[in-house]
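Asker: I am attaching a structure below and will ask some questions about it afterwards.
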Amino acid sequence: MRSVAEPIALAPAHRASSLAAPALVSMRGVRKSYGDRLIVDSIDLDVAAGEKVALIGPSGSGKTTILRLAIGLVKPDAGTIRIAGDYLWHEEGPGGLRPAGERHARKVRRSIGIVFQQFNLFPHMTALENVREPLVHVLGLPRKESDARATELLCDVGLKDHLSKRPAQLSGGQQQRVAIARSLALQPKVMLFDEVTSALDPELVGEVLRVVRKLAQASDMSMLIVTHEIGFAADIADRVLMFDAGRIVEEGTPRQVLKNPSNPRTQQFLRAVLER
Amino acid sequence: MTSSTFWDFLPFILMGIPVTLEVTAMAMAVTIAVSVILALGRNSELAILRWPAGFVIELFRGSSSLVQLFWAFYVLPFFGIHLPALAAGVLVLGLNEGSYFSEVVRSGLNAVPTGQREAALTLGLSPAYRFFRIILPQALPIMIPPFGNALVTMLKFTSLVSLVTIQDLSFRANLAAASLGQSGAVYGLIIVIYFALALLLAGAARLLEQWVNRRAGRLAPATSGRSRSTVPEWALGGAG
Amino acid sequence: MNSAIWDWGYAWSILPDLLDGVKLTIVATFFGSLISFGLGLVWTLVRLARIPVATPAVEFFVQFVRGTPLLVQLYFLFFVFPNWGLSLPPMTTGVLGLGIFYSAYAAEIYRAGIEDLPLGQWEAALVLSLPIRRVWFGIVLPQSIRKILPVLGNQVIGMFKESALLSTITVMELLGQAKALGSLDFRYVEPLTLAGAIYFVVSYVSARTLRSWEGNHAVGS
Ligand SMILES: Nc1ncnc2c1ncn2[C@@H]1O[C@H](COP(=O)(O)OP(=O)(O)OP(=O)(O)O)[C@@H](O)[C@H]1O
Ligand SMILES: [Mg+2]
């Protein structure tokens, strides 16, 4: 397997300064239930420009739901969500906030990207076509330019030799790297990662984590990363949130939350994860 | 034929309902027997059983059901086999549908985990006991939903027997329409009756399904777990 | 007696008439299929669009057509159309009947093909902000069609066999010819056996061809 040979061709980080900028994801009092089960319970969450936030917590605690709320795949029952300053489900008018629909959300969603646990590549397209899809049909780039750009993105994730392969011909790790390249194509300001390695065989986890780590270090994109890889979270996160039963139960630097957790739920969770 | 009206013929037509239901029930009984035999044949390790079962299935699925019916009715007598019309009809419908349904039975039987068969074998249970007490109760819940579909298919299918003189709904409708000269009401009526019967049978099949599932100790019925995605609302919105 | 059961000379002599019938069967199947594909698409679009009155009406119509016998539907069209001043030739009525009947099944096939698409595909398309037109024509339909085509193929084979019902409304397709020959010469063995054999050979070969084609064109290969 090829590792990431070429450097990620993205702007260098200016972390210290960008941390002061306004939040790129901002949730206020966000609530979501399925049936009578409250899954996300009045969450306030900010991700600053350039900030890398890791989200940890037990299975079923609502981490995926938070990401799906952030990108508008799920509509909250209450609360507001802003992406790069724009309300996802509301329009700002002279009379204050008015509820808005899917059409409005589509515009706001442009500045945020997500990588799914299950890749969700388009199976009838090659790796190159998958990445080219948004370049051609969203940005409207000419064919030649979008091909060049897609090739570049795939090279950055170490897939130079697999451009014309279909997802079925790629390993899980390679598929996930195509998915990462595809969601970077629109140059989102915020990227969401939902346990991007948990569907992979253990020997393929490393190659995907390397790509995400490199991206985290080289770009000034904001990131919200759900992961069970504690070492990885400690490495790349500026801030760690511990999630349990739909609430943020602990929050702080990786050192605080992962090394010296104060909340018993966090202590218990970390013990369980590290003992695996 | 002077002044007979639609209403004069109504009882005559309605008397076709029990006939249609009877033919459906009999043909369904044949379907069950045929499909189990064919499924076991196809699952057999002996080529001498497997091959004929496959042949029967291909034969009945491959040709037109109406031709099969006419063949049984008009051609078999030339070979000295005189089946009453009802027997010919029920047999052909049952063999035809049974050839399709055998596939359902087979996949139902094959869905029982091998561990279960092996456990039954090691316990030294008799083949009949293994089949009826171990395999069948587990295979049954899987087969019930397609059985409901087959039941409705059979109901519609029985209309063919009107063409070999069985006095079912369709036969009586034809007769009434011919005598009345105005056929719209007659055919409209029996179409609605067929549809009502189809709904009835489908409902009965659903009840059966629930009952079997309860007995098998399942909470969620196998069919209601339609994990299919439906088309999301946004994809139907105006131009993007 | 034994030699009289099957007469090769007679069988040979009726073959041209039967083949005339086959032609009509094929024509009926061809146009019946076209109508069913087109109408089925209309039903599917109306169902998807969730239009207040139209969608439930189509929903009911599809269930109704699927819940009643093709034979009776054919009678209805054949005897009732003239009452409405629509005197169509039997063949046209038959083709329409086949088309309408199978359009209800085609609608189910289209819907299943579209709804079988994993939810993740819709979500990936949504978060990439693809225009809705592109989602349908670039993501959804190319994948669904691969699932839909083989099933539609099977439906055509089914229609080929079921088109024998058109003989009941006086269309001289394959079975119509066979029955006419049978009652003319009072010899049913050869015409009905040959007709059955022709139905079998055509549909068996078609089904085999379809299956091997399907094997070569599975999704993602
Ligand atoms: N569409 C839905 N309908 C009903 N319940 C749902 C739905 N989506 C999620 N849930 C429920 O919400 C709860 C939280 O789910 P979520 O996927 O957000 O958890 P998670 O923290 O991501 O867990 P994991 O670590 O297993 O991925 C779960 O109990 C799940 O069953
Ligand atoms: Mg999750």
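If you're wondering about the labels, chains in the structure tokens are A, B, ... by order shown, residues count from 1 in each chain, ligands from 1 in order shown.
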I need the chain A residues near chain C as a count of residues only; criterion: at most 10 Å, counting only C-alpha atoms.
Answerer: 42
Asker: What are the residues of chain B lining chain C at 9 Å or less? Count only C-alpha atoms, and put the answer as number ranges by chain.
Answerer: B: 58-68, 70-71, 74-76, 78-79, 152-153, 155-160, 163, 170, 174, 177, 182-188, 190-199, 228-232, 234-240
Asker: Write to file, as a compact mmCIF listing (two decimals), in the first residue's frame, the residues of the selection just made, with C-alpha atoms.
Answerer:
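Result file out-v7.txt:
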# COMPACT_ATOMS: atom_id res chain seq x y z
CA GLU B 58 -38.88 -25.14 -15.81
CA LEU B 59 -41.71 -26.72 -17.78
CA PHE B 60 -44.51 -25.03 -15.86
CA ARG B 61 -42.77 -21.72 -15.48
CA GLY B 62 -41.59 -21.67 -19.05
CA SER B 63 -44.86 -22.01 -20.91
CA SER B 64 -48.15 -20.21 -20.90
CA SER B 65 -50.54 -21.20 -18.12
CA LEU B 66 -53.57 -20.99 -20.38
CA VAL B 67 -51.94 -23.36 -22.87
CA GLN B 68 -51.22 -25.75 -20.02
CA PHE B 70 -56.15 -26.21 -22.52
CA TRP B 71 -53.64 -28.98 -22.92
CA TYR B 74 -58.36 -30.89 -24.67
CA VAL B 75 -55.25 -33.01 -25.24
CA LEU B 76 -55.05 -35.35 -22.28
CA PHE B 78 -56.55 -38.16 -26.54
CA PHE B 79 -54.14 -40.06 -24.32
CA VAL B 152 -53.96 -13.24 -4.20
CA THR B 153 -52.22 -14.33 -7.40
CA LEU B 155 -57.46 -15.81 -6.78
CA LYS B 156 -56.88 -13.89 -10.01
CA PHE B 157 -55.48 -16.97 -11.67
CA THR B 158 -58.70 -18.95 -11.08
CA SER B 159 -60.53 -16.80 -13.60
CA LEU B 160 -58.90 -19.00 -16.24
CA LEU B 163 -62.55 -21.10 -20.00
CA SER B 170 -65.92 -15.00 -14.69
CA ASN B 174 -69.73 -14.04 -19.44
CA ALA B 177 -73.25 -10.44 -20.30
CA GLN B 182 -75.19 -4.92 -21.96
CA SER B 183 -71.97 -6.05 -20.38
CA GLY B 184 -70.49 -2.96 -18.77
CA ALA B 185 -72.28 -3.36 -15.47
CA VAL B 186 -71.64 -7.10 -15.33
CA TYR B 187 -67.89 -6.90 -15.87
CA GLY B 188 -67.63 -3.80 -13.72
CA ILE B 190 -67.10 -8.76 -11.01
CA ILE B 191 -63.94 -6.69 -11.28
CA VAL B 192 -64.96 -4.98 -8.06
CA ILE B 193 -65.83 -8.34 -6.49
CA TYR B 194 -62.44 -9.76 -7.44
CA PHE B 195 -60.73 -6.74 -5.95
CA ALA B 196 -62.71 -6.99 -2.73
CA LEU B 197 -61.87 -10.69 -2.46
CA ALA B 198 -58.22 -9.90 -3.10
CA LEU B 199 -58.22 -7.36 -0.27
CA ARG B 228 -35.75 0.45 2.35
CA SER B 229 -34.97 4.09 1.96
CA THR B 230 -37.71 6.17 0.56
CA VAL B 231 -36.98 9.08 -1.68
CA PRO B 232 -36.14 12.07 0.53
CA TRP B 234 -35.58 17.42 -0.85
CA ALA B 235 -35.03 15.33 -3.96
CA LEU B 236 -38.60 16.10 -5.06
CA GLY B 237 -38.31 19.85 -4.55
CA GLY B 238 -38.23 22.37 -7.39
CA ALA B 239 -35.23 22.83 -9.65
CA GLY B 240 -32.01 22.73 -7.65
Asker: Could you please extract the residues within 8 Å of ligand 2, counting only C-alpha atoms and all ligand atoms, and hand them back as an MDAnalysis selection string?
Answerer: chainID A and resid 59:60 62:65 117 194:195 226
Asker: Write a file of the selected residues as a PDB file, in the first residue's frame, keeping N, CA and C atoms.
Answerer:
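again13.pdb was written with the following content:
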ATOM      1  N   SER A  59     -21.020   4.437  22.538  1.00  0.00           N
ATOM      2  CA  SER A  59     -21.909   4.144  21.415  1.00  0.00           C
ATOM      3  C   SER A  59     -23.351   4.488  21.770  1.00  0.00           C
ATOM      4  N   GLY A  60     -24.021   5.136  20.836  1.00  0.00           N
ATOM      5  CA  GLY A  60     -25.415   5.482  21.056  1.00  0.00           C
ATOM      6  C   GLY A  60     -25.612   6.758  21.851  1.00  0.00           C
ATOM      7  N   GLY A  62     -25.146   9.739  20.797  1.00  0.00           N
ATOM      8  CA  GLY A  62     -25.683  10.817  19.961  1.00  0.00           C
ATOM      9  C   GLY A  62     -24.619  11.583  19.188  1.00  0.00           C
ATOM     10  N   LYS A  63     -23.402  11.042  19.073  1.00  0.00           N
ATOM     11  CA  LYS A  63     -22.318  11.752  18.379  1.00  0.00           C
ATOM     12  C   LYS A  63     -22.632  11.916  16.891  1.00  0.00           C
ATOM     13  N   THR A  64     -23.034  10.819  16.272  1.00  0.00           N
ATOM     14  CA  THR A  64     -23.378  10.894  14.847  1.00  0.00           C
ATOM     15  C   THR A  64     -24.516  11.884  14.629  1.00  0.00           C
ATOM     16  N   THR A  65     -25.484  11.844  15.541  1.00  0.00           N
ATOM     17  CA  THR A  65     -26.630  12.747  15.400  1.00  0.00           C
ATOM     18  C   THR A  65     -26.180  14.203  15.441  1.00  0.00           C
ATOM     19  N   GLN A 117     -18.984   7.342   8.043  1.00  0.00           N
ATOM     20  CA  GLN A 117     -18.427   6.073   8.500  1.00  0.00           C
ATOM     21  C   GLN A 117     -18.394   5.051   7.358  1.00  0.00           C
ATOM     22  N   ASP A 194     -16.972  11.342  10.817  1.00  0.00           N
ATOM     23  CA  ASP A 194     -17.750  10.475  11.707  1.00  0.00           C
ATOM     24  C   ASP A 194     -17.119   9.089  11.796  1.00  0.00           C
ATOM     25  N   GLU A 195     -16.303   8.891  12.795  1.00  0.00           N
ATOM     26  CA  GLU A 195     -15.667   7.574  12.987  1.00  0.00           C
ATOM     27  C   GLU A 195     -15.224   6.985  11.654  1.00  0.00           C
ATOM     28  N   VAL A 226     -15.454  12.897  15.199  1.00  0.00           N
ATOM     29  CA  VAL A 226     -15.908  11.859  16.119  1.00  0.00           C
ATOM     30  C   VAL A 226     -14.954  10.686  15.975  1.00  0.00           C
TER      31      VAL A 226
END
Asker: Provide as a PDB file with C-alpha atoms, in the first residue's frame the residues of chain A at most 10 Å from chain B, counting only C-alpha atoms.
Answerer:
ATOM      1  CA  GLY A 101     -36.669  25.266   4.494  1.00  0.00           C
ATOM      2  CA  GLU A 102     -34.500  22.847   2.620  1.00  0.00           C
ATOM      3  CA  ARG A 103     -33.859  25.281  -0.225  1.00  0.00           C
ATOM      4  CA  ARG A 106     -28.798  23.862   0.584  1.00  0.00           C
TER       5      ARG A 106
END
Asker: Using only C-alpha atoms and all ligand atoms, find the one residue out of A:Glu250, A:Asp238, A:Glu51, A:Glu229 that sits nearest to ligand 1.
Answerer: A:Glu229
Asker: Which residue gives the smallest distance to ligand 1 among A:Ser26, A:Thr227, A:Gln217, A:Asn263, with only C-alpha atoms and all ligand atoms counted?
Answerer: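 Of all the options, A:Thr227 lies closest to ligand 1.
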Asker: DSSP on the backbone: what in stretch 4-187 of chain C comes out helix (DSSP H, G or I), as a VMD selection string?
Answerer: chain C and resid 4 to 5 8 to 49 54 to 66 70 to 80 82 to 84 90 to 115 119 to 127 132 to 169 174 to 185
Asker: Find the residue from C:Leu41, C:Val156, C:Leu86, C:Thr55 that sits nearest to C:Tyr110; use only C-alpha atoms when measuring.
Answerer: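 So, comparing all the options, the nearest one is C:Leu41.
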Asker: So that I can see what lies close to C:Gln177, please list as a PyMOL selection string the residues with an atom at most 8 Å from it, counting only C-alpha atoms and leaving out residues fewer than 5 positions away in the same chain.
Answerer: chain C and resi 17-18+21+172
Asker: Pull N, CA, C and O atoms from the residues just selected and write them as a compact mmCIF listing (two decimals), in the first residue's frame.
Answerer:
# COMPACT_ATOMS: atom_id res chain seq x y z
N ASP C 17 -49.31 -21.63 -39.99
CA ASP C 17 -50.38 -20.90 -39.30
C ASP C 17 -49.97 -20.51 -37.89
O ASP C 17 -50.22 -19.39 -37.43
N LEU C 18 -49.32 -21.46 -37.19
CA LEU C 18 -48.89 -21.18 -35.82
C LEU C 18 -47.86 -20.05 -35.81
O LEU C 18 -47.88 -19.18 -34.94
N GLY C 21 -49.34 -16.85 -35.90
CA GLY C 21 -49.80 -16.51 -34.55
C GLY C 21 -48.66 -15.97 -33.70
O GLY C 21 -48.82 -15.00 -32.97
N MET C 172 -56.08 -13.54 -33.00
CA MET C 172 -55.53 -14.80 -33.50
C MET C 172 -54.03 -14.86 -33.30
O MET C 172 -53.27 -15.02 -34.24
Asker: Would you pick out the contacts of C:Ile100 at 12 Å or less, using only C-alpha atoms, so that residues sharing its chain but fewer than 4 positions from it are not included, and give the list as a VMD selection string?
Answerer: chain C and resid 31 to 43 61 to 62 64 to 66 70 73 to 74 77 93 to 96 104 to 107 159
Asker: Emit the selected residues as a PDB file, in the first residue's frame, including N, CA and C atoms.
Answerer:
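Saved the output as result-v8.pdb:
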ATOM      1  N   PHE C  31     -45.587  -4.128 -28.203  1.00  0.00           N
ATOM      2  CA  PHE C  31     -46.305  -2.872 -27.947  1.00  0.00           C
ATOM      3  C   PHE C  31     -46.884  -2.842 -26.531  1.00  0.00           C
ATOM      4  N   GLY C  32     -47.333  -4.000 -26.061  1.00  0.00           N
ATOM      5  CA  GLY C  32     -47.810  -4.068 -24.679  1.00  0.00           C
ATOM      6  C   GLY C  32     -46.714  -3.648 -23.712  1.00  0.00           C
ATOM      7  N   SER C  33     -45.487  -4.105 -23.973  1.00  0.00           N
ATOM      8  CA  SER C  33     -44.367  -3.750 -23.092  1.00  0.00           C
ATOM      9  C   SER C  33     -44.085  -2.260 -23.162  1.00  0.00           C
ATOM     10  N   LEU C  34     -44.073  -1.725 -24.381  1.00  0.00           N
ATOM     11  CA  LEU C  34     -43.807  -0.288 -24.515  1.00  0.00           C
ATOM     12  C   LEU C  34     -44.820   0.515 -23.710  1.00  0.00           C
ATOM     13  N   ILE C  35     -46.108   0.167 -23.876  1.00  0.00           N
ATOM     14  CA  ILE C  35     -47.149   0.893 -23.139  1.00  0.00           C
ATOM     15  C   ILE C  35     -46.938   0.741 -21.637  1.00  0.00           C
ATOM     16  N   SER C  36     -46.616  -0.477 -21.214  1.00  0.00           N
ATOM     17  CA  SER C  36     -46.467  -0.698 -19.772  1.00  0.00           C
ATOM     18  C   SER C  36     -45.274   0.080 -19.220  1.00  0.00           C
ATOM     19  N   PHE C  37     -44.182   0.132 -19.979  1.00  0.00           N
ATOM     20  CA  PHE C  37     -43.019   0.888 -19.497  1.00  0.00           C
ATOM     21  C   PHE C  37     -43.381   2.368 -19.368  1.00  0.00           C
ATOM     22  N   GLY C  38     -44.041   2.903 -20.401  1.00  0.00           N
ATOM     23  CA  GLY C  38     -44.370   4.330 -20.406  1.00  0.00           C
ATOM     24  C   GLY C  38     -45.378   4.677 -19.328  1.00  0.00           C
ATOM     25  N   LEU C  39     -46.499   3.928 -19.293  1.00  0.00           N
ATOM     26  CA  LEU C  39     -47.526   4.206 -18.291  1.00  0.00           C
ATOM     27  C   LEU C  39     -46.977   3.993 -16.889  1.00  0.00           C
ATOM     28  N   GLY C  40     -46.186   2.929 -16.729  1.00  0.00           N
ATOM     29  CA  GLY C  40     -45.593   2.632 -15.421  1.00  0.00           C
ATOM     30  C   GLY C  40     -44.752   3.804 -14.947  1.00  0.00           C
ATOM     31  N   LEU C  41     -44.047   4.423 -15.888  1.00  0.00           N
ATOM     32  CA  LEU C  41     -43.223   5.586 -15.544  1.00  0.00           C
ATOM     33  C   LEU C  41     -44.112   6.734 -15.082  1.00  0.00           C
ATOM     34  N   VAL C  42     -45.229   6.925 -15.801  1.00  0.00           N
ATOM     35  CA  VAL C  42     -46.158   7.984 -15.406  1.00  0.00           C
ATOM     36  C   VAL C  42     -46.661   7.737 -13.983  1.00  0.00           C
ATOM     37  N   TRP C  43     -47.093   6.494 -13.717  1.00  0.00           N
ATOM     38  CA  TRP C  43     -47.581   6.185 -12.357  1.00  0.00           C
ATOM     39  C   TRP C  43     -46.489   6.483 -11.334  1.00  0.00           C
ATOM     40  N   PHE C  61     -55.325   2.989  -8.137  1.00  0.00           N
ATOM     41  CA  PHE C  61     -55.427   2.375  -9.463  1.00  0.00           C
ATOM     42  C   PHE C  61     -54.424   1.231  -9.608  1.00  0.00           C
ATOM     43  N   VAL C  62     -53.197   1.486  -9.186  1.00  0.00           N
ATOM     44  CA  VAL C  62     -52.158   0.463  -9.303  1.00  0.00           C
ATOM     45  C   VAL C  62     -52.533  -0.773  -8.482  1.00  0.00           C
ATOM     46  N   PHE C  64     -55.508  -1.631  -7.595  1.00  0.00           N
ATOM     47  CA  PHE C  64     -56.708  -2.218  -8.192  1.00  0.00           C
ATOM     48  C   PHE C  64     -56.344  -3.109  -9.373  1.00  0.00           C
ATOM     49  N   VAL C  65     -55.510  -2.589 -10.254  1.00  0.00           N
ATOM     50  CA  VAL C  65     -55.123  -3.361 -11.437  1.00  0.00           C
ATOM     51  C   VAL C  65     -54.381  -4.624 -11.026  1.00  0.00           C
ATOM     52  N   ARG C  66     -53.540  -4.498  -9.988  1.00  0.00           N
ATOM     53  CA  ARG C  66     -52.797  -5.669  -9.525  1.00  0.00           C
ATOM     54  C   ARG C  66     -53.677  -6.659  -8.785  1.00  0.00           C
ATOM     55  N   LEU C  70     -56.309 -10.356 -15.148  1.00  0.00           N
ATOM     56  CA  LEU C  70     -56.102  -9.808 -16.487  1.00  0.00           C
ATOM     57  C   LEU C  70     -57.239 -10.221 -17.425  1.00  0.00           C
ATOM     58  N   GLN C  73     -60.134  -8.007 -16.933  1.00  0.00           N
ATOM     59  CA  GLN C  73     -59.807  -6.669 -17.440  1.00  0.00           C
ATOM     60  C   GLN C  73     -59.930  -6.641 -18.966  1.00  0.00           C
ATOM     61  N   LEU C  74     -59.472  -7.700 -19.592  1.00  0.00           N
ATOM     62  CA  LEU C  74     -59.566  -7.760 -21.056  1.00  0.00           C
ATOM     63  C   LEU C  74     -61.024  -7.763 -21.500  1.00  0.00           C
ATOM     64  N   LEU C  77     -62.468  -4.261 -21.150  1.00  0.00           N
ATOM     65  CA  LEU C  77     -62.090  -3.359 -22.237  1.00  0.00           C
ATOM     66  C   LEU C  77     -62.787  -3.757 -23.534  1.00  0.00           C
ATOM     67  N   THR C  93     -57.301  -3.538 -28.535  1.00  0.00           N
ATOM     68  CA  THR C  93     -57.810  -3.669 -27.169  1.00  0.00           C
ATOM     69  C   THR C  93     -56.896  -4.558 -26.336  1.00  0.00           C
ATOM     70  N   GLY C  94     -56.479  -5.669 -26.925  1.00  0.00           N
ATOM     71  CA  GLY C  94     -55.618  -6.608 -26.204  1.00  0.00           C
ATOM     72  C   GLY C  94     -54.295  -5.980 -25.808  1.00  0.00           C
ATOM     73  N   VAL C  95     -53.696  -5.273 -26.761  1.00  0.00           N
ATOM     74  CA  VAL C  95     -52.409  -4.632 -26.476  1.00  0.00           C
ATOM     75  C   VAL C  95     -52.580  -3.594 -25.369  1.00  0.00           C
ATOM     76  N   LEU C  96     -53.657  -2.815 -25.456  1.00  0.00           N
ATOM     77  CA  LEU C  96     -53.943  -1.830 -24.408  1.00  0.00           C
ATOM     78  C   LEU C  96     -54.115  -2.518 -23.052  1.00  0.00           C
ATOM     79  N   ALA C 104     -48.987  -1.463 -14.053  1.00  0.00           N
ATOM     80  CA  ALA C 104     -49.062  -1.453 -12.589  1.00  0.00           C
ATOM     81  C   ALA C 104     -47.868  -2.188 -11.995  1.00  0.00           C
ATOM     82  N   TYR C 105     -47.468  -3.264 -12.655  1.00  0.00           N
ATOM     83  CA  TYR C 105     -46.300  -4.004 -12.175  1.00  0.00           C
ATOM     84  C   TYR C 105     -45.019  -3.225 -12.457  1.00  0.00           C
ATOM     85  N   ALA C 106     -44.965  -2.591 -13.642  1.00  0.00           N
ATOM     86  CA  ALA C 106     -43.779  -1.791 -13.981  1.00  0.00           C
ATOM     87  C   ALA C 106     -43.597  -0.683 -12.954  1.00  0.00           C
ATOM     88  N   ALA C 107     -44.716  -0.074 -12.532  1.00  0.00           N
ATOM     89  CA  ALA C 107     -44.626   1.004 -11.546  1.00  0.00           C
ATOM     90  C   ALA C 107     -43.995   0.495 -10.254  1.00  0.00           C
ATOM     91  N   MET C 159     -45.148 -11.360 -19.958  1.00  0.00           N
ATOM     92  CA  MET C 159     -46.206 -10.864 -20.832  1.00  0.00           C
ATOM     93  C   MET C 159     -46.322 -11.723 -22.084  1.00  0.00           C
TER      94      MET C 159
END
Asker: Compare A:Leu163, A:Leu274, A:Cys155, A:Ala245 by their minimum atom-to-atom distance to ligand 1, counting only C-alpha atoms and all ligand atoms, and give me the closest one.
Answerer: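 Among A:Leu163, A:Leu274, A:Cys155, A:Ala245, it is A:Ala245 that comes nearest to ligand 1.
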Asker: Stretch 149-151 of chain C: which residues within 9 Å, counting only C-alpha atoms, same-chain residues fewer than 3 positions away excluded, as a list of chain:residue names?
Answerer: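 Counting only C-alpha atoms, the residues come to C:Ala106, C:Ile109, C:Ser144, C:Ile145, C:Arg146, C:Asn154, C:Gln155, C:Val156, C:Leu210, C:Arg211, C:Trp213, C:Glu214.
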Asker: Restricted to N, CA and C atoms, what would the selected residues look like written as a PDB file, in the first residue's frame?
Answerer:
ATOM      1  N   ALA C 106     -44.965  -2.591 -13.642  1.00  0.00           N
ATOM      2  CA  ALA C 106     -43.779  -1.791 -13.981  1.00  0.00           C
ATOM      3  C   ALA C 106     -43.597  -0.683 -12.954  1.00  0.00           C
ATOM      4  N   ILE C 109     -41.961  -2.018 -10.060  1.00  0.00           N
ATOM      5  CA  ILE C 109     -40.560  -2.332 -10.354  1.00  0.00           C
ATOM      6  C   ILE C 109     -39.714  -1.064 -10.312  1.00  0.00           C
ATOM      7  N   SER C 144     -30.223   2.727 -10.305  1.00  0.00           N
ATOM      8  CA  SER C 144     -31.506   2.025 -10.267  1.00  0.00           C
ATOM      9  C   SER C 144     -31.738   1.233 -11.546  1.00  0.00           C
ATOM     10  N   ILE C 145     -31.348   1.816 -12.656  1.00  0.00           N
ATOM     11  CA  ILE C 145     -31.638   1.176 -13.941  1.00  0.00           C
ATOM     12  C   ILE C 145     -31.024  -0.213 -14.019  1.00  0.00           C
ATOM     13  N   ARG C 146     -29.855  -0.363 -13.436  1.00  0.00           N
ATOM     14  CA  ARG C 146     -29.229  -1.682 -13.458  1.00  0.00           C
ATOM     15  C   ARG C 146     -30.038  -2.708 -12.684  1.00  0.00           C
ATOM     16  N   ASN C 154     -37.757  -9.683 -17.281  1.00  0.00           N
ATOM     17  CA  ASN C 154     -38.580 -10.807 -16.851  1.00  0.00           C
ATOM     18  C   ASN C 154     -40.055 -10.522 -17.072  1.00  0.00           C
ATOM     19  N   GLN C 155     -40.431  -9.266 -16.896  1.00  0.00           N
ATOM     20  CA  GLN C 155     -41.826  -8.903 -17.094  1.00  0.00           C
ATOM     21  C   GLN C 155     -42.224  -9.085 -18.556  1.00  0.00           C
ATOM     22  N   VAL C 156     -41.323  -8.741 -19.461  1.00  0.00           N
ATOM     23  CA  VAL C 156     -41.619  -8.918 -20.884  1.00  0.00           C
ATOM     24  C   VAL C 156     -41.835 -10.399 -21.197  1.00  0.00           C
ATOM     25  N   LEU C 210     -31.269 -13.473 -20.687  1.00  0.00           N
ATOM     26  CA  LEU C 210     -31.376 -12.356 -19.743  1.00  0.00           C
ATOM     27  C   LEU C 210     -30.495 -12.598 -18.526  1.00  0.00           C
ATOM     28  N   ARG C 211     -30.520 -13.837 -18.022  1.00  0.00           N
ATOM     29  CA  ARG C 211     -29.765 -14.138 -16.815  1.00  0.00           C
ATOM     30  C   ARG C 211     -28.268 -13.983 -17.041  1.00  0.00           C
ATOM     31  N   TRP C 213     -26.886 -12.085 -19.306  1.00  0.00           N
ATOM     32  CA  TRP C 213     -26.635 -10.663 -19.495  1.00  0.00           C
ATOM     33  C   TRP C 213     -26.576  -9.951 -18.147  1.00  0.00           C
ATOM     34  N   GLU C 214     -27.514 -10.342 -17.275  1.00  0.00           N
ATOM     35  CA  GLU C 214     -27.598  -9.765 -15.936  1.00  0.00           C
ATOM     36  C   GLU C 214     -26.306 -10.019 -15.173  1.00  0.00           C
TER      37      GLU C 214
END
